[in-house]
Amino acid sequence: MRKSWMTIGIIVFVISILIMLYLILGMRVYTKTDVTQIDSLSVRTTDVKMLKSQFPALFRSREAKRLALPDTGQVVALEVFHKHADTPLSDNEKLHSIDQFYYNTYDRLINTLAILLTTASIFIAFFGGVIPFVRSEKAEKLLEKVTLQIGEAQRSQQNLEELFNKSRELENRIRKLIDSLKLRADDIRGKIVAKSGNIDEILKFTPPTRQQLQTHYDDTETLLNLGEELETDNIMMRCIYFIANNMDDDYKREFEDWNRQDHSERPYIISGIAFGNVGAPGRSIECYDKALQLSPGNYLALYNKALALDGMKQYNEALKCYNQALQLKPDFLEAWINKGIVYAKLNLYEDAISSYDQALAILPDDAEAWFDKGNAYAKLGKCPEALNCFEHALKTAPDHPEAWYNKGNAHCCLGHYEEAIACYDQALRIRPEYAQAFCNKGYMLYRLQNFPDALYNLDQALKIKPDFKDALVNKGHVYKDQTRYTDAIRCYAQALDLAPDDHEALLGKGVAHREAGDLEAALLALDRASEIKPEDAPTWLELARVYMLKQDKEKTLAALQKAVELDPETKPTISGDKLFSGLQAAPEFAALLA
């Protein structure tokens with residue numbers, strides 16, 4: 001459109017230039033007469049033919065310009081008589097005066113038209129071309145932005161279509177899996193028999209077959225749905241179904257028939273797994289013990305018994321079973337990992353790390369082994385090592401929300417608050433309802449003094465989990481640093497309602513009460529905090545501040561002495577605290593800081 005207007009403007013401009021050239025080159029040259037005044041003026045109506053006879057020269061010039069009327073026409077003749085200064089006016093001079101008057105009027109009209117056309121061409125070119133040209137830059141930028149948005153929308157549509165196709169594909173896979181779950185128990189038993197009748201050989205099956213077997217043996221929730229479809233001769237499946245539905249009498253009756261048909265340890269192992277899945281670890285252990293009586297070297301029975309003992313918190317007994325299973329099968333990956341988990345529960349983190357290393361020697365890219373190893377390093381306070389482990393876990397499992405969360409914790413331990421926030425954001429991208437990630441992100445923002453965003457994230461955590469003690473404590477910290485002591489005390493009190501002996505909440509509440517001027521309430525909270533965690537130097541330092549405000553010099557010095565004994569690094573804090581300036585002259589104070 002802009003180019004069209006510019007073209008029209010140029011054409012009009014060229015036409016106006018041509019008209020002006022025509023006027024300059026084609027205009028007749030008249031003899032200039034020194035006219036002093038108009039003598040007279042007459043107007044009359046006459047025939048064109050008669051007028052031609054009187055003024056032939058005039059009409060020859062009109063006909064040359066194709067301006068003369070037909071001879072039969074009537075015209076109005078205008079006669080202007082000029083008087084010369086010295087001589088009378090002749091007829092030819094009269095004719096010349098009329099002719100020149102006509103031409104001057106005509107030329108002025110044409111000249112005016114040319115000027116108007118020139119002006120119009122400039123306006124057309126300017127408003128139709130220049131201004132849109134200037135505006136077009138913004139328009140083009142906007143068009144470019146709109147084009148990008150359209151492209152993104154199209155790509156989003158394509159992504160949605162791809163997602164829809166993937167969802168359909170997943171739906172089909174799920175349907176196939178559901179169909180596969182309907183395999184008859186005899187088919188599974190046939191596969192086991194084909195492998196020498198030893199359940200140990202299950203681990204050597206191909207992954208699809210192993211998945212089918214594991215699903216039938218372990219997934220009691222699925223078996224609940226399949227109960228109505230079980231055939232009368234599927235004894236194993238009926239036994240598991242009866243276990244899942246707590247139909248013990250029916251289970252015992254069916255198990256006797258099953259055991260008569262299969263004299264191996266297999267019925268006991270499968271029943272033990274089923275009992276474990278319905279939360280009956282004691283019954284599971286009974287089954288595994290009977291299986292081990294029949295086959296003492298069955299590492300699967302030992303492994304599953306260890307899992308049951310772990311669930312009953314009999315950790316030392318579980319370790320014995322794991323060790324026996326690993327003696328029989330040293331490359332049992334899951335046993336090494338779960339053994340490490342038991343060590344971690346016993347706070348034996350170095351032993352746990354050794355177990356995870358054994359698992360990683362078998363499968364170097366196992367994400368769970370790296371993850372658990374990172375947790376063990378974190379418990380030991382070895383944050384760089386923990387960070388490295390979580391990064392390894394995320395290489396194999398990039399959508400592992402707990403690994404992102406724990407990586408954020410490792411960054412927090414190292415003082416990398418911005419990096420920690422980025423990790424928590426990744427965890428929340430994968431799991432939007434991850435309350436702990438919101439809580440820790442809020443704490444990082446608090447450490448960065450970004451109080452509004454800190455409160456927002458802590459509130460998000462509390463929306464997901466209203467009784468989240470850690471979020472309430474951290475929210476109290478934010479309010480305390482904002483000098484909103486009433487709000488801070490309220491948050492600490494809510495946290496203490498959930499956990500009355502929480503040291504951090506008691507310490508924070510004591511500080512908030514002291515800052516608010518309520519020394520008795522502060523002393524009450526801090527005394528309780530010191531009873532719960534007597535080795536915490538900051539608690540004794542806060543007690544010293546309260547005693548100083550109460551003007552109890554003896555207790556102040558005693559509390560300061562305790563703080564310094566627990567952590568000598570508190571000396572610079574004490575010497576720089578103006579609150580203790582009144583003790584400068586006391587020898588005990590000087591000795592304390594020496």
# chains A, B, ... in the order shown; residues from 1 in each chain; ligands from 1

$ residues_around --residues "Ala376 (chain A)" --least-positions-apart "6" --cutoff "7 Å" --atoms "only C-alpha atoms" --output "ChimeraX atom specification"
/A:344,349,352-353

$ atom_distance --atom1 "CA of Ala512 (chain A)" --atom2 "CA of Pro452 (chain A)"
19.4 Å

$ closest_residue --among "A:Gly374, A:Pro432, A:Gly340, A:Gly282" --to "Lys407 (chain A)" --atoms "only C-alpha atoms"
A:Gly374

$ residues_around --residues "Gly517 (chain A)" --least-positions-apart "6" --cutoff "12 Å" --atoms "only C-alpha atoms" --output "list in words"
Tyr485, Thr486, Gly510, Val511, Leu523, Arg545, Val546, Leu549 and Lys550 of chain A

$ atom_distance --atom1 "CA of Tyr288 (chain A)" --atom2 "CA of Met236 (chain A)"
16.4 Å

$ select_by_dssp --residues "region 358-513 of chain A" --states "helix (DSSP H, G or I)" --output "ChimeraX atom specification"
/A:358-362,367-379,383-396,401-413,417-430,435-447,451-464,469-481,485-498,503-513

$ atom_distance --atom1 "CA of Asn375 (chain A)" --atom2 "CA of Ala437 (chain A)"
16.1 Å

$ residues_around --residues "region 413-421 of chain A" --least-positions-apart "2" --cutoff "8 Å" --atoms "only C-alpha atoms" --output "PyMOL selection string"
chain A and resi 383-384+407-411+423-425+441+444-445+447-448

$ closest_residue --among "A:Lys379, A:Lys571, A:Arg266, A:Lys553" --to "Leu593 (chain A)" --atoms "only C-alpha atoms"
A:Lys571

$ residues_around --residues "Arg283 (chain A)" --least-positions-apart "2" --cutoff "12 Å" --atoms "only C-alpha atoms" --output "VMD selection string"
chain A and resid 243 248 268 to 281 285 to 290 305 308 to 309 312

$ residues_around --residues "Asp365 (chain A)" --least-positions-apart "4" --cutoff "8 Å" --atoms "only C-alpha atoms" --output "PyMOL selection string"
chain A and resi 360+370+392-393+396
